[in-house]
Each structure stands twice: as C-alpha cells, then as structure tokens.
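Everything below concerns the one structure shown next.
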Amino acid sequence: MAWALKLPLADEVIESGLVQDFDSSLSGIGQELGAGAYSMSDVLALPIFKQEESSLPPENENKILPFQYVLCAATSPAVKLHDETLTYLNQGQSYEIRMLDNRKIGELPEINGKLVKSIFRVVFHDRRLQYTEHQQLEGWRWNRPGDRILDIDIPMSVGIIDPRANPTQLNTVEFLWDPSKRTSVFIQVHCISTEFTMRKHGGEKGVPFRVQIDTFKENENGEYTEHLHSASCQIKVFKPKGADRKQKTDREKMEKRTPHEKEKYQPSYETTILTECSPWPEITYVNNAPSPGFNSSHSSFSIGEGNGSPNHQPEPPPPIADVSHTSELMLVNLLPTSTPQEAQQWLHRNRFSTFSRLFRNFSGADLLKLTREDVIQICGPADGIRLFNALKGRMVRPRLTIYVCQESQQLRDLQQKHEDGDTVTSTFFVYHAIYLEELTAVELTEKLAQLFSISSQQISQIYKQGPTGIHVLISDEMIQNFQDESCFVLDTMKAETNDSYHIILK
C-alpha cells in the first residue's frame with residue numbers, strides 16, 4: 001500500500017525533471033543564438049554593405065540626417081571599397097541635385113512651413129590647393145574673364161526661390177527652398193580639373209573638386225545663419241563628352257580584372273549620394289553680420305566678398321557712395337582724379353561689379369588709359385565694349401535736335417523798329433536745345449513744358465507757322481520730317497476755353 005502511494009509522487013518528480021530539462025534546452029538555444037550566430041555587426045560586415053557603411057561618419061553610423069542631397073550622375077567603378085566615391089562631370093553640362101527632406105516626425109519642427117537657405121560651392125579636394133585657393137581662383141579669373149566656375153541652370157530647376165550668384169564669388173551660388181516641396185537644382189561647373197595642374201608634357205592628371213552644400217535656417221532676426229546640415233561629394237570635371245569617355249574607360253578596365261580583384265572595388269552607382277561633412281568655414285556663419293543677400297523679405301542681392309579657402313577670410317566689397325554726397329558727374333563720367341575707391345564705386349554704379357576685383361587697385365587715370373583692345377582682352381568682347389564706351393563717356397546721339405527761343409516783347413519791339421525803318425542794333429538772343437528720341441508730339445509737349453516750368457497738361461496745342469502765316473497742327477509725322485538742328489522762335493497764346501496755352505513754332 002505504501003508503494004502504491006509513492007508511485008504518483010515518483011511520476012511528478014520525473015515529469016518535473018523533464019520540464020526542467022526542456023526549459024534549459026530552450027534556454028540554451030536562445031543563448032546560442034544571442035551569442036553571435038546572427039550578430040548584426042557580423043551581417044553589416046558583409047561586402048554588400050561596405051559602400052553604405054563607408055558613406056556614414058564613424059561616430060554617427062545610426063544617425064538619420066535631416067536632409068539628403070543626391071547628384072544625378074554615376075559614380076566611377078574604379079574606386080576602392082573604403083575610398084570616397086568619385087563622380088565625373090562634363091564642363092558646362094547641367095546636372096540635377098535632388099534636395100530631399102529626410103526628417104523624422106517631430107524633428108526640427110521650427111522649420112515646418114518655413115524656407116531654408118542652401119549654399120552650393122565648388123572647392124578643391126586637395127588640402128594643398130585649399131590653402132592657395134584664393135590665388136588659384138584669381139588666376140582662373142584672369143584667364144577666363146567674365147566667366148563663372150559654378151552656375152545654376154534656373155529654367156531646369158524646380159522649387160528654388162531667389163537663386164543668386166555673387167559676381168565676385170565665382171564658385172558659389174545660393175537659393176531658398178521649402179523642404180516640404182519637391183526641389184531639384186541643376187548646376188553647371190565651368191572649370192575643368194586640368195586647369196589647376198602644373199603644365200608638363202601633356203596628359204596631366206586633373207585635380208579633384210568637391211561639391212559642398214551647406215543648409216541654414218532663419219534666426220530671430222530673419223537672417224539665415226543657423227547651420228542645419230552640410231554634405232559633399234568628390235568630382236572631376238572634363239571637357240564636354242570627356243566625362244563619358246572617362247567613365248567608359250574605367251568600366252572597360254574593371255571588366256578586364258579578375259573576380260577576386262573586382263571585389264576590392266565599389267560598383268558604379270547610377271547616382272551619387274553626398275555624405276555628411278563639416279560646414280564650410282566662412283565668417284558670415286560665426287559673426288553677427290547678416291547672412292549674404294537674404295533676409296525675411298527676400299530683398300535684392302547684395303553680399304560680401306569671400307572665397308573658399310579655410311584660412312582666407314572674406315573681404316567686403318567697397319562701400320557704395322551715397323548719391324547725395326557724391327558728385328553726379330563722377331557717377332556718369334569717371335574722372336582722371338578719381339581714387340581707386342571712387343573708381344570701385346563707379347564700377348558698381350555702372351553695373352561692372354563683376355570686374356571690381358580685377359580693377360581693385362586701378363585709379364580713374366589707370367582705367368582711362370586702357371585702350372579698347374586692352375578692355376576687350378580683360379573683360380571679353382561684350383562687356384569690354386560696354387566698359388570702354390562708359391569709360392570714354394560716349395553718349396548716344398539723340399535722333400533729333402532742335403533749338404528754340406522764346407519770343408519776348410523786346411523781340412517784338414525790334415521787329416517793329418525794323419518795319420518802321422529805324423536803325424536796329426545787334427541783340428544777343430539765347431536759344432535752348434531740345435533733344436528728341438521718340439519723335440512724337442507728346443514728347444515735344446513734355447520737353448517744352450519742362451522748358452517753361454509748367455505742367456504738360458497746360459499746353460493745349462502746338463502749331464507750326466506755315467506759308468502766309470497759317471498755323472499747322474504739329475503731328476508725329478511732321479516732327480519726323482523736321483531738319484536736324486532746326487531753329488524756332490516760340491510764341492504763346494492763351495487758350496480761349498481754359499487756363500492752358502497754345503504754342504506756335506515760327
């Protein structure tokens with residue numbers, strides 16, 4: 001009986017032991033899986049993830065960036081796995097850069113419904129050239145007067161607002177855009193990589209550039225100075241069609257390599273993703289000066305001089321003189337006595353800001369000594385001829401010039417004496433020149449009104465005295481048939497109906 005009672009107890013012990021063994025076996029399986037059989041760090045180490053991993057900063061591998069910029073140009077296949085991508089561009093060709101809003105929900109809510117500003121730069125990739133960037137760009141400017149390094153193809157771009165290019169900052173463009181809307185910018189790079197290499201015996205290797213984008217938001221004063229995000233990529237620029245040939249050459253070289261050698265190189269991607277980087281150093285980002293050319297009301301373009309060298313601080317353009325404190329003559333005609341600062345002001349006033357850096361040390365006498373060939377060689381044919389004409393103060397001749405003299409009581413008395421046979425002494429009469437461009441009766445009315453210091457509405461009709469003293473109404477066709485430099489005596493008659501006047505040309 002005692003044995004019979006112990007049997008269920010033994011069954012419970014056995015069953016309990018089996019459950020513990022099963023639980024421990026399950027626990028072992030879980031521990032084995034967690035120990036590293038499917039470790040994510042090992043998975044990410046596979047070759048297929050190498051390109052994505054290398055594009056992220058080491059300290060922020062899991063960080064989601066607020067913006068992403070995609071250059072729609074293929075990367076080179078001849079780039080090793082852990083190196084930065086390299087993209088070939090054709091000189092002057094338009095390439096799309098897509099501006100993507102990558103924010104998570106609730107991230108940067110202060111820019112919702114607001115515009116941000118992005119600054120595009122083409123700068124040197126090599127540190128050695130970065131330190132001499134100012135001299136390099138000045139040399140390029142002298143060799144390519146009137147050209148820019150970077151431009152925006154505005155007709156092809158989508159979603160950009162107020163695009164601007166500073167005439168004195170050849171490698172920089174900027175614009176406003178709304179992150180919530182589709183935005184694509186088409187850029188053109190006009191310099192080629194071999195323009196900055198030492199000339200040897202041909203076949204020089206071009207230097208790489210960087211396309212860098214810095215994005216800013218508005219501060220409390222409406223200035224775009226608070227940095228949000230920066231990204232860049234490495235490029236090389238070739239003469240037209242040269243990038244296509246280089247891409248094809250790299251692809252053919254890679255096809256000749258063994259499969260083992262190919263594993264050491266990145267595949268060619270159809271687009272180039274710009275990788276996060278530090279903001280480009282510029283004085284306008286760290287001081288209290290207003291952001292270049294932008295404020296909350298999007299006013300007209302006026303930005304400071306700068307360049308991309310890390311050690312070179314931007315220089316402000318020469319101040320524009322107030323018209324009220326400057327001679328009007330100096331604004332129209334440059335004088336030989338003008339100082340270099342006054343010459344700079346004259347260049348800005350006459351829409352030659354692009355060349356202000358070229359002539360920064362030129363006085364008025366220096367500029368006026370330049371020949372027509374000198375100016376065309378420096379500024380190019382179109383701007384050179386315009387600048388030469390402005391320097392020489394060449395005015396466009398009016399289409400018609402007439403001279404008028406107001407008839408006075410003195411003139412009538414002289415005429416009466418002449419008719420009576422009295423001796424008439426010589427008298428000095430003053431005529432006024434009237435210059436006509438449109439050759440219309442309305443224009444003549446306005447010019448005569450200015451001469452009499454009255455309103456043009458006070459002149460009712462203008463007549464020309466014809467044969468036998470008849471009064472012929474002045475018309476546009478009659479004015480067009482006036483002889484140049486004709487002389488007229490003006491007689492005025494009070495109109496019968498109102499306070500206006502009739503004017504008769506005799």
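Each chain of the structure tokens is named A, B, ... in the order shown, its residues numbered from 1; ligands are numbered from 1 in display order.
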Subject >> Long-range neighbours of Val79 of chain A as a ChimeraX atom specification, 9 Å cut-off, only C-alpha atoms, 3 positions minimum in chain >> reply: /A:75-76,82-86,264-268
Could those residues be written to a file, using N, CA, C and O atoms, as a short mmCIF file (atom, residue, chain, number, x, y, z; two decimals), in the first residue's frame?
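For reference, selection-v3.cif as written:
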data_model
loop_
_atom_site.label_atom_id
_atom_site.label_comp_id
_atom_site.auth_asym_id
_atom_site.auth_seq_id
_atom_site.Cartn_x
_atom_site.Cartn_y
_atom_site.Cartn_z
N THR A 75 28.63 57.20 -60.34
CA THR A 75 29.94 57.16 -59.70
C THR A 75 30.88 56.29 -60.53
O THR A 75 30.46 55.42 -61.29
N SER A 76 32.17 56.51 -60.35
CA SER A 76 33.17 55.75 -61.09
C SER A 76 33.27 54.33 -60.53
O SER A 76 33.24 54.14 -59.31
N HIS A 82 36.78 51.14 -49.58
CA HIS A 82 36.74 52.03 -48.43
C HIS A 82 37.11 53.47 -48.79
O HIS A 82 37.26 54.30 -47.91
N ASP A 83 37.25 53.77 -50.10
CA ASP A 83 37.54 55.14 -50.52
C ASP A 83 36.23 55.88 -50.81
O ASP A 83 35.17 55.27 -51.00
N GLU A 84 36.33 57.21 -50.84
CA GLU A 84 35.16 58.03 -51.15
C GLU A 84 34.81 57.90 -52.63
O GLU A 84 35.69 57.75 -53.48
N THR A 85 33.54 57.96 -52.93
CA THR A 85 33.10 57.86 -54.32
C THR A 85 33.66 59.03 -55.13
O THR A 85 33.96 60.10 -54.61
N LEU A 86 33.79 58.81 -56.44
CA LEU A 86 34.29 59.84 -57.35
C LEU A 86 33.34 59.89 -58.55
O LEU A 86 33.01 58.86 -59.13
N LYS A 264 37.53 44.17 -54.59
CA LYS A 264 38.19 45.26 -53.86
C LYS A 264 37.65 46.63 -54.28
O LYS A 264 38.05 47.65 -53.69
N TYR A 265 36.78 46.68 -55.29
CA TYR A 265 36.29 47.96 -55.82
C TYR A 265 34.78 48.07 -55.64
O TYR A 265 34.06 47.06 -55.62
N GLN A 266 34.34 49.31 -55.51
CA GLN A 266 32.90 49.57 -55.40
C GLN A 266 32.24 49.40 -56.77
O GLN A 266 32.85 49.70 -57.80
N PRO A 267 30.99 48.98 -56.78
CA PRO A 267 30.25 49.01 -58.04
C PRO A 267 29.92 50.46 -58.41
O PRO A 267 29.95 51.35 -57.57
N SER A 268 29.63 50.70 -59.68
CA SER A 268 29.24 52.04 -60.12
C SER A 268 27.76 52.24 -59.85
O SER A 268 26.93 51.45 -60.30
#
Applying 8 Å and only C-alpha atoms, which residues near Pro398 of chain A remain after dropping the ones on its own chain fewer than 5 positions away? List them as a PDB file with C-alpha atoms, in the first residue's frame.
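Contents of part-v7.pdb, as written:
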ATOM      1  CA  TYR A 435      16.698 116.601 -77.738  1.00  0.00           C
ATOM      2  CA  LEU A 436      14.068 114.206 -79.044  1.00  0.00           C
ATOM      3  CA  GLU A 437      14.314 110.402 -79.074  1.00  0.00           C
TER       4      GLU A 437
END
**OP:** Identify, on the basis of only C-alpha atoms, every residue whose closest approach to Glu276 of chain A does not exceed 7 Å; exclude the query and any residue fewer than 2 positions from it along the same chain; express the result as a VMD selection string.
**Re:** chain A and resid 230 to 232 274
Export of prior selection with C-alpha atoms as a PDB file, in the first residue's frame:
ATOM      1  CA  SER A 230      26.282  70.033 -44.672  1.00  0.00           C
ATOM      2  CA  ALA A 231      27.204  67.362 -47.193  1.00  0.00           C
ATOM      3  CA  SER A 232      29.662  66.987 -50.062  1.00  0.00           C
ATOM      4  CA  LEU A 274      26.519  63.423 -50.880  1.00  0.00           C
TER       5      LEU A 274
END
Original post:
Using the chain letters and numbers from this document, which residues of segment 147-291 of chain A does DSSP assign to alpha helix (DSSP H), as a list in words?
Top reply: Gly242, Ala243, Asp244, Arg245, Lys246, Gln247, Lys248, Thr249, Asp250, Arg251, Glu252, Lys253, Met254, Glu255, Pro259, His260, Glu261, Lys262, Ile283, Thr284, Tyr285 and Val286 of chain A
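Atom to atom, atom CA of Glu438 of chain A and atom CA of Glu477 of chain A stand 11.4 Å apart.
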**OP:** Determine, counting only C-alpha atoms, which protein, DNA and RNA residues have an atom within 7 Å of an atom of segment 356-370 of chain A; residues of the same chain fewer than 3 positions away are not included. Present the result as a list in words.
**Re:**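 My list of contacting residues is Leu334, Leu335, Pro336, Thr337, Ser338, Thr339, Pro340, Ala343, Gln344, Leu347, Phe352, Ser353, Asp374, Val375 and Leu391 of chain A.
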Output C-alpha atoms of each residue in that selection to a file, as a PDB file, in the first residue's frame.
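Saved file selection24.pdb follows:
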ATOM      1  CA  LEU A 334      34.921 108.642 -64.439  1.00  0.00           C
ATOM      2  CA  LEU A 335      37.452 111.400 -63.771  1.00  0.00           C
ATOM      3  CA  PRO A 336      41.262 111.073 -64.050  1.00  0.00           C
ATOM      4  CA  THR A 337      41.499 112.379 -60.492  1.00  0.00           C
ATOM      5  CA  SER A 338      39.278 109.571 -59.087  1.00  0.00           C
ATOM      6  CA  THR A 339      40.895 107.480 -56.360  1.00  0.00           C
ATOM      7  CA  PRO A 340      40.833 103.642 -56.511  1.00  0.00           C
ATOM      8  CA  ALA A 343      36.798 104.009 -59.273  1.00  0.00           C
ATOM      9  CA  GLN A 344      35.331 100.974 -57.487  1.00  0.00           C
ATOM     10  CA  LEU A 347      32.226 100.343 -61.486  1.00  0.00           C
ATOM     11  CA  PHE A 352      30.543  96.445 -63.747  1.00  0.00           C
ATOM     12  CA  SER A 353      30.673  94.759 -60.305  1.00  0.00           C
ATOM     13  CA  ASP A 374      43.025  96.165 -73.501  1.00  0.00           C
ATOM     14  CA  VAL A 375      39.492  96.289 -72.120  1.00  0.00           C
ATOM     15  CA  LEU A 391      34.959 104.984 -69.581  1.00  0.00           C
TER      16      LEU A 391
END
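Remark: for Gln68 of chain A, the closest of the candidate residues A:Arg141, A:His229, A:Arg148, A:His348 is A:His229 (distances computed over only C-alpha atoms).
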Would you mind listing, for every residue of segment 204-281 of chain A within 12 Å of segment 149-155 of chain A, the two atoms forming the shortest contact and the distance between them in Å to one decimal, using only C-alpha atoms, sorted by chain and ascending residue number, as CSV?
residue,atom,partner,partner_atom,distance
A:Phe209,CA,A:Ile149,CA,11.5
A:Arg210,CA,A:Leu150,CA,11.9
A:Val211,CA,A:Leu150,CA,9.9
A:Gln212,CA,A:Leu150,CA,11.8
A:Val237,CA,A:Ile149,CA,11.1
Subject >> Spatial neighbours of Tyr403 of chain A, 12 Å, only C-alpha atoms, chain gap at least 6 places, as a PyMOL selection string >> reply: chain A and resi 429-436+447-448+451+482-490+505-506
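In terms of minimum interatomic distance to Tyr224 of chain A, A:Val116 ranks closest within A:Leu387, A:Ile378, A:Val116, A:Arg351, counting only C-alpha atoms.
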Subject >> Residues within 10 Å of segment 244-246 of chain A, only C-alpha atoms, excluding chain neighbours under 6 positions, as a list in words >> reply: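 Once the nearby chain positions are removed, what remains is Ala74, Ser76, Tyr88, Leu89, Asn90, Phe238 and Glu252 of chain A.
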Dump of N, CA and C atoms for the selected residues, as a PDB file, in the first residue's frame:
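To be explicit, this is the file written out as part37.pdb:
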ATOM      1  N   ALA A  74      26.510  59.227 -62.419  1.00  0.00           N
ATOM      2  CA  ALA A  74      27.014  57.918 -61.990  1.00  0.00           C
ATOM      3  C   ALA A  74      28.386  58.036 -61.341  1.00  0.00           C
ATOM      4  N   SER A  76      32.166  56.514 -60.355  1.00  0.00           N
ATOM      5  CA  SER A  76      33.170  55.747 -61.092  1.00  0.00           C
ATOM      6  C   SER A  76      33.274  54.328 -60.526  1.00  0.00           C
ATOM      7  N   TYR A  88      32.339  61.786 -62.306  1.00  0.00           N
ATOM      8  CA  TYR A  88      32.865  62.565 -63.422  1.00  0.00           C
ATOM      9  C   TYR A  88      31.752  63.435 -64.009  1.00  0.00           C
ATOM     10  N   LEU A  89      32.066  64.725 -64.246  1.00  0.00           N
ATOM     11  CA  LEU A  89      31.103  65.656 -64.830  1.00  0.00           C
ATOM     12  C   LEU A  89      31.691  66.281 -66.092  1.00  0.00           C
ATOM     13  N   ASN A  90      30.808  66.652 -67.009  1.00  0.00           N
ATOM     14  CA  ASN A  90      31.217  67.367 -68.212  1.00  0.00           C
ATOM     15  C   ASN A  90      31.151  68.871 -67.962  1.00  0.00           C
ATOM     16  N   PHE A 238      35.603  67.344 -66.733  1.00  0.00           N
ATOM     17  CA  PHE A 238      36.310  67.176 -68.002  1.00  0.00           C
ATOM     18  C   PHE A 238      35.691  68.082 -69.053  1.00  0.00           C
ATOM     19  N   GLU A 252      35.690  49.637 -68.743  1.00  0.00           N
ATOM     20  CA  GLU A 252      36.407  48.624 -69.528  1.00  0.00           C
ATOM     21  C   GLU A 252      37.594  48.061 -68.750  1.00  0.00           C
TER      22      GLU A 252
END
Subject >> Pick from A:Met478, A:Asn143, A:Gln341, A:Ile470 nearest to Leu439 of chain A, counting only C-alpha atoms >> reply: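 Closest candidate: A:Met478.
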